[in-house]
file final_7.pdb (PDB, C-alpha atoms)
ATOM      1  CA  MET A   1      34.286 -12.372 -12.595  1.00  0.00           C
ATOM      2  CA  THR A   2      30.569 -12.139 -13.324  1.00  0.00           C
ATOM      3  CA  ASN A   3      28.679  -9.201 -11.860  1.00  0.00           C
ATOM      4  CA  ARG A   4      25.006  -8.529 -11.081  1.00  0.00           C
ATOM      5  CA  LEU A   5      24.136  -7.908 -14.722  1.00  0.00           C
ATOM      6  CA  ALA A   6      24.412 -11.576 -15.711  1.00  0.00           C
ATOM      7  CA  ASP A   7      20.831 -12.373 -14.699  1.00  0.00           C
ATOM      8  CA  THR A   8      19.124  -9.302 -16.154  1.00  0.00           C
ATOM      9  CA  LEU A   9      16.696  -9.461 -19.080  1.00  0.00           C
ATOM     10  CA  SER A  10      18.492  -6.758 -21.064  1.00  0.00           C
ATOM     11  CA  PRO A  11      20.973  -8.019 -23.676  1.00  0.00           C
ATOM     12  CA  TYR A  12      22.823  -4.704 -23.296  1.00  0.00           C
ATOM     13  CA  LEU A  13      23.262  -5.140 -19.553  1.00  0.00           C
ATOM     14  CA  ARG A  14      24.231  -8.796 -19.939  1.00  0.00           C
ATOM     15  CA  SER A  15      26.931  -7.726 -22.416  1.00  0.00           C
ATOM     16  CA  HIS A  16      28.618  -5.991 -19.453  1.00  0.00           C
ATOM     17  CA  ALA A  17      28.297  -8.943 -17.077  1.00  0.00           C
ATOM     18  CA  GLU A  18      31.946  -9.923 -17.500  1.00  0.00           C
ATOM     19  CA  ASN A  19      33.351  -6.395 -17.038  1.00  0.00           C
ATOM     20  CA  PRO A  20      35.594  -6.081 -13.987  1.00  0.00           C
ATOM     21  CA  VAL A  21      33.416  -3.128 -12.884  1.00  0.00           C
ATOM     22  CA  ASP A  22      31.050  -4.168 -10.088  1.00  0.00           C
ATOM     23  CA  TRP A  23      27.937  -3.031 -11.975  1.00  0.00           C
ATOM     24  CA  TYR A  24      24.464  -2.746 -10.524  1.00  0.00           C
ATOM     25  CA  PRO A  25      21.379  -2.512 -12.692  1.00  0.00           C
ATOM     26  CA  TRP A  26      19.263   0.635 -12.228  1.00  0.00           C
ATOM     27  CA  GLY A  27      17.202   0.179  -9.094  1.00  0.00           C
ATOM     28  CA  GLU A  28      16.805   0.373  -5.364  1.00  0.00           C
ATOM     29  CA  GLU A  29      19.636  -2.065  -4.594  1.00  0.00           C
ATOM     30  CA  ALA A  30      22.157   0.321  -6.179  1.00  0.00           C
ATOM     31  CA  PHE A  31      20.670   3.372  -4.466  1.00  0.00           C
ATOM     32  CA  ALA A  32      20.716   1.632  -1.068  1.00  0.00           C
ATOM     33  CA  GLU A  33      24.332   0.582  -1.547  1.00  0.00           C
ATOM     34  CA  ALA A  34      25.366   4.153  -2.403  1.00  0.00           C
ATOM     35  CA  ARG A  35      23.624   5.417   0.740  1.00  0.00           C
ATOM     36  CA  ARG A  36      25.207   2.662   2.825  1.00  0.00           C
ATOM     37  CA  TRP A  37      28.740   3.499   1.654  1.00  0.00           C
ATOM     38  CA  ASP A  38      28.046   7.243   1.314  1.00  0.00           C
ATOM     39  CA  VAL A  39      29.415   7.383  -2.221  1.00  0.00           C
ATOM     40  CA  PRO A  40      27.967   8.808  -5.456  1.00  0.00           C
ATOM     41  CA  LEU A  41      26.556   6.771  -8.282  1.00  0.00           C
ATOM     42  CA  LEU A  42      28.475   6.480 -11.535  1.00  0.00           C
ATOM     43  CA  ILE A  43      25.706   6.061 -14.100  1.00  0.00           C
ATOM     44  CA  SER A  44      26.414   4.690 -17.556  1.00  0.00           C
ATOM     45  CA  ILE A  45      23.453   4.791 -19.941  1.00  0.00           C
ATOM     46  CA  GLY A  46      23.538   2.970 -23.244  1.00  0.00           C
ATOM     47  CA  TYR A  47      21.928   0.439 -25.535  1.00  0.00           C
ATOM     48  CA  SER A  48      22.964  -2.688 -27.374  1.00  0.00           C
ATOM     49  CA  THR A  49      23.579  -1.230 -30.848  1.00  0.00           C
ATOM     50  CA  CYS A  50      25.402   1.921 -29.713  1.00  0.00           C
ATOM     51  CA  HIS A  51      28.915   2.067 -31.178  1.00  0.00           C
ATOM     52  CA  TRP A  52      30.274   4.350 -28.448  1.00  0.00           C
ATOM     53  CA  CYS A  53      28.832   2.171 -25.699  1.00  0.00           C
ATOM     54  CA  HIS A  54      30.908  -0.718 -27.022  1.00  0.00           C
ATOM     55  CA  VAL A  55      33.974   1.506 -27.290  1.00  0.00           C
ATOM     56  CA  MET A  56      33.559   2.517 -23.622  1.00  0.00           C
ATOM     57  CA  ALA A  57      33.141  -1.124 -22.642  1.00  0.00           C
ATOM     58  CA  ARG A  58      36.289  -2.137 -24.492  1.00  0.00           C
ATOM     59  CA  GLU A  59      38.517   0.833 -23.629  1.00  0.00           C
ATOM     60  CA  SER A  60      37.371   1.712 -20.116  1.00  0.00           C
ATOM     61  CA  PHE A  61      35.047  -0.748 -18.422  1.00  0.00           C
ATOM     62  CA  SER A  62      37.148  -3.793 -19.350  1.00  0.00           C
ATOM     63  CA  GLU A  63      40.345  -2.205 -18.042  1.00  0.00           C
ATOM     64  CA  PRO A  64      41.074  -3.577 -14.529  1.00  0.00           C
ATOM     65  CA  VAL A  65      42.779  -0.412 -13.232  1.00  0.00           C
ATOM     66  CA  THR A  66      39.888   1.780 -14.376  1.00  0.00           C
ATOM     67  CA  ALA A  67      37.375  -0.684 -12.942  1.00  0.00           C
ATOM     68  CA  ALA A  68      39.148  -0.648  -9.575  1.00  0.00           C
ATOM     69  CA  LEU A  69      39.040   3.168  -9.475  1.00  0.00           C
ATOM     70  CA  ILE A  70      35.333   3.143 -10.303  1.00  0.00           C
ATOM     71  CA  ASP A  71      34.574   0.493  -7.681  1.00  0.00           C
ATOM     72  CA  GLU A  72      36.593   2.281  -4.984  1.00  0.00           C
ATOM     73  CA  GLY A  73      34.780   5.593  -5.277  1.00  0.00           C
ATOM     74  CA  PHE A  74      31.337   4.893  -6.702  1.00  0.00           C
ATOM     75  CA  VAL A  75      28.434   2.539  -6.941  1.00  0.00           C
ATOM     76  CA  ALA A  76      28.456   1.820 -10.676  1.00  0.00           C
ATOM     77  CA  VAL A  77      25.033   1.640 -12.321  1.00  0.00           C
ATOM     78  CA  LYS A  78      24.481   0.443 -15.870  1.00  0.00           C
ATOM     79  CA  VAL A  79      21.222   1.589 -17.498  1.00  0.00           C
ATOM     80  CA  ASP A  80      19.687   0.240 -20.699  1.00  0.00           C
ATOM     81  CA  ARG A  81      18.039   3.309 -22.215  1.00  0.00           C
ATOM     82  CA  GLU A  82      15.531   1.086 -23.997  1.00  0.00           C
ATOM     83  CA  GLU A  83      14.332  -0.307 -20.643  1.00  0.00           C
ATOM     84  CA  HIS A  84      14.449   3.052 -18.838  1.00  0.00           C
ATOM     85  CA  PRO A  85      13.844   5.838 -21.364  1.00  0.00           C
ATOM     86  CA  HIS A  86      12.742   8.138 -18.522  1.00  0.00           C
ATOM     87  CA  VAL A  87      16.214   7.879 -16.947  1.00  0.00           C
ATOM     88  CA  ASP A  88      17.896   8.600 -20.270  1.00  0.00           C
ATOM     89  CA  ALA A  89      15.561  11.571 -20.899  1.00  0.00           C
ATOM     90  CA  ALA A  90      16.262  13.059 -17.464  1.00  0.00           C
ATOM     91  CA  TYR A  91      20.038  12.821 -17.878  1.00  0.00           C
ATOM     92  CA  MET A  92      19.932  14.167 -21.443  1.00  0.00           C
ATOM     93  CA  ALA A  93      17.840  17.122 -20.264  1.00  0.00           C
ATOM     94  CA  ALA A  94      20.299  17.852 -17.454  1.00  0.00           C
ATOM     95  CA  ALA A  95      23.321  17.557 -19.758  1.00  0.00           C
ATOM     96  CA  SER A  96      21.746  19.897 -22.302  1.00  0.00           C
ATOM     97  CA  ALA A  97      21.902  22.653 -19.703  1.00  0.00           C
ATOM     98  CA  PHE A  98      25.693  22.542 -20.021  1.00  0.00           C
ATOM     99  CA  THR A  99      26.259  21.900 -23.729  1.00  0.00           C
ATOM    100  CA  GLN A 100      24.438  21.749 -27.014  1.00  0.00           C
ATOM    101  CA  ASN A 101      26.751  19.031 -28.369  1.00  0.00           C
ATOM    102  CA  LEU A 102      25.281  15.889 -26.909  1.00  0.00           C
ATOM    103  CA  GLY A 103      23.088  13.010 -27.845  1.00  0.00           C
ATOM    104  CA  TRP A 104      23.279   9.538 -29.148  1.00  0.00           C
ATOM    105  CA  PRO A 105      25.398   8.933 -32.246  1.00  0.00           C
TER     106      PRO A 105
END
call {"tool": "encode", "arguments": {"input": "final_7.pdb", "output": "structure tokens"}}
result
Amino acid sequence: MTNRLADTLSPYLRSHAENPVDWYPWGEEAFAEARRWDVPLLISIGYSTCHWCHVMARESFSEPVTAALIDEGFVAVKVDREEHPHVDAAYMAAASAFTQNLGWP
């Protein structure tokens, strides 16, 4: 099953195009869908050379049971931090309010 990421410009997003998760790229379509279904966004931020991003893809996002749980309760949004550094910066700033042990490997 190919999802909405197949036609994006980002190699990172396209690498998730075959995940069973029904990914949306960052943008108004995802936000509108979350409002329509009254569910939260599940936001996954990464980049193409990130080791842990590939681990998550392999161990979580490629797992059909996990994908079904994500799709049932969320609108899943995949963000390439190199395309949207402002999104990454905002989430890193918010996370730093809760822990000092964060950041990209």
call {"tool": "residues_near_point", "arguments": {"input": "final_7.pdb", "point": "(23.9, -11.3, -5.3)", "cutoff": "12 Å", "atoms": "all atoms listed in the file", "output": "number ranges by chain"}}
result
A: 2-7, 22-25, 29-30
call {"tool": "closest_residue", "arguments": {"input": "final_7.pdb", "among": "A:Asp88, A:Glu59, A:Glu33, A:Glu83", "to": "A:Asp71", "atoms": "all atoms listed in the file"}}
result
A:Glu33
call {"tool": "atom_distance", "arguments": {"input": "final_7.pdb", "atom1": "atom CA of A:Ser15", "atom2": "atom CA of A:Ser48"}}
result
8.1 Å
call {"tool": "closest_residue", "arguments": {"input": "final_7.pdb", "among": "A:Val79, A:Val87, A:Leu69, A:Met92", "to": "A:Pro20", "atoms": "all atoms listed in the file"}}
result
A:Leu69
call {"tool": "closest_residue", "arguments": {"input": "final_7.pdb", "among": "A:Tyr91, A:Ala34, A:His86, A:Tyr12", "to": "A:Gly46", "atoms": "all atoms listed in the file"}}
result
A:Tyr12
call {"tool": "closest_residue", "arguments": {"input": "final_7.pdb", "among": "A:Val77, A:Ala32, A:Leu42, A:His51", "to": "A:His16", "atoms": "all atoms listed in the file"}}
result
A:Val77
call {"tool": "residues_around", "arguments": {"input": "final_7.pdb", "residues": "A:Phe74", "least_positions_apart": "2", "cutoff": "6 Å", "atoms": "all atoms listed in the file", "output": "PyMOL selection string"}}
result
chain A and resi 39-42+70-71+76
call {"tool": "write_last_selection", "arguments": {"input": "final_7.pdb", "atoms": "C-alpha atoms", "output": "mmCIF file, in the coordinates of the input"}}
result
data_model
loop_
_atom_site.group_PDB
_atom_site.id
_atom_site.type_symbol
_atom_site.label_atom_id
_atom_site.label_comp_id
_atom_site.auth_asym_id
_atom_site.auth_seq_id
_atom_site.Cartn_x
_atom_site.Cartn_y
_atom_site.Cartn_z
ATOM 1 C CA VAL A 39 29.415 7.383 -2.221
ATOM 2 C CA PRO A 40 27.967 8.808 -5.456
ATOM 3 C CA LEU A 41 26.556 6.771 -8.282
ATOM 4 C CA LEU A 42 28.475 6.480 -11.535
ATOM 5 C CA ILE A 70 35.333 3.143 -10.303
ATOM 6 C CA ASP A 71 34.574 0.493 -7.681
ATOM 7 C CA ALA A 76 28.456 1.820 -10.676
#
call {"tool": "closest_residue", "arguments": {"input": "final_7.pdb", "among": "A:Ala95, A:Arg81, A:Ser10, A:Arg36", "to": "A:Cys50", "atoms": "only C-alpha atoms"}}
result
A:Arg81
call {"tool": "axis_aligned_box", "arguments": {"input": "final_7.pdb", "around": "stretch 24-37 of chain A", "padding_each_side": "3 Å", "output": "AutoDock Vina command-line options"}}
result
--center_x 22.8 --center_y 1.3 --center_z -4.9 --size_x 17.9 --size_y 14.2 --size_z 21.5
call {"tool": "closest_residue", "arguments": {"input": "final_7.pdb", "among": "A:Phe31, A:Asn101, A:Tyr47, A:Trp37", "to": "A:Arg14", "atoms": "only C-alpha atoms"}}
result
A:Tyr47
call {"tool": "atom_distance", "arguments": {"input": "final_7.pdb", "atom1": "atom CA of A:Lys78", "atom2": "atom CA of A:Asp38"}}
result
18.8 Å
call {"tool": "residues_around", "arguments": {"input": "final_7.pdb", "residues": "A:Thr49", "least_positions_apart": "4", "cutoff": "12 Å", "atoms": "all atoms listed in the file", "output": "VMD selection string"}}
result
chain A and resid 11 to 13 15 53 to 55 80 to 82 104 to 105
call {"tool": "atom_distance", "arguments": {"input": "final_7.pdb", "atom1": "atom CA of A:Ala97", "atom2": "atom CA of A:Trp26"}}
result
23.4 Å
call {"tool": "build_atoms", "arguments": {"input": "final_7.pdb", "residues": "stretch 9-24 of chain A", "atoms": "N, CA and C atoms", "output": "short mmCIF file (atom, residue, chain, number, x, y, z; two decimals), keeping the file's coordinate frame"}}
result
data_model
loop_
_atom_site.label_atom_id
_atom_site.label_comp_id
_atom_site.auth_asym_id
_atom_site.auth_seq_id
_atom_site.Cartn_x
_atom_site.Cartn_y
_atom_site.Cartn_z
N LEU A 9 17.37 -9.16 -17.82
CA LEU A 9 16.70 -9.46 -19.08
C LEU A 9 17.32 -8.73 -20.26
N SER A 10 17.95 -7.61 -20.00
CA SER A 10 18.49 -6.76 -21.06
C SER A 10 19.75 -7.36 -21.69
N PRO A 11 19.75 -7.56 -23.02
CA PRO A 11 20.97 -8.02 -23.68
C PRO A 11 22.12 -7.01 -23.50
N TYR A 12 21.79 -5.73 -23.49
CA TYR A 12 22.82 -4.70 -23.30
C TYR A 12 23.48 -4.85 -21.93
N LEU A 13 22.68 -4.98 -20.89
CA LEU A 13 23.26 -5.14 -19.55
C LEU A 13 24.05 -6.44 -19.45
N ARG A 14 23.51 -7.52 -19.99
CA ARG A 14 24.23 -8.80 -19.94
C ARG A 14 25.56 -8.72 -20.68
N SER A 15 25.66 -7.86 -21.69
CA SER A 15 26.93 -7.73 -22.42
C SER A 15 28.03 -7.14 -21.53
N HIS A 16 27.65 -6.56 -20.40
CA HIS A 16 28.62 -5.99 -19.45
C HIS A 16 28.81 -6.88 -18.22
N ALA A 17 28.24 -8.06 -18.24
CA ALA A 17 28.30 -8.94 -17.08
C ALA A 17 29.70 -9.43 -16.75
N GLU A 18 30.57 -9.45 -17.73
CA GLU A 18 31.95 -9.92 -17.50
C GLU A 18 32.94 -8.78 -17.31
N ASN A 19 32.46 -7.53 -17.32
CA ASN A 19 33.35 -6.40 -17.04
C ASN A 19 33.89 -6.53 -15.62
N PRO A 20 35.10 -6.07 -15.36
CA PRO A 20 35.59 -6.08 -13.99
C PRO A 20 34.92 -5.03 -13.10
N VAL A 21 34.18 -4.10 -13.68
CA VAL A 21 33.42 -3.13 -12.88
C VAL A 21 32.31 -3.88 -12.15
N ASP A 22 32.09 -3.53 -10.90
CA ASP A 22 31.05 -4.17 -10.09
C ASP A 22 29.71 -3.48 -10.36
N TRP A 23 29.15 -3.70 -11.55
CA TRP A 23 27.94 -3.03 -11.98
C TRP A 23 26.71 -3.47 -11.19
N TYR A 24 25.82 -2.50 -11.00
CA TYR A 24 24.46 -2.75 -10.52
C TYR A 24 23.52 -2.35 -11.65
#
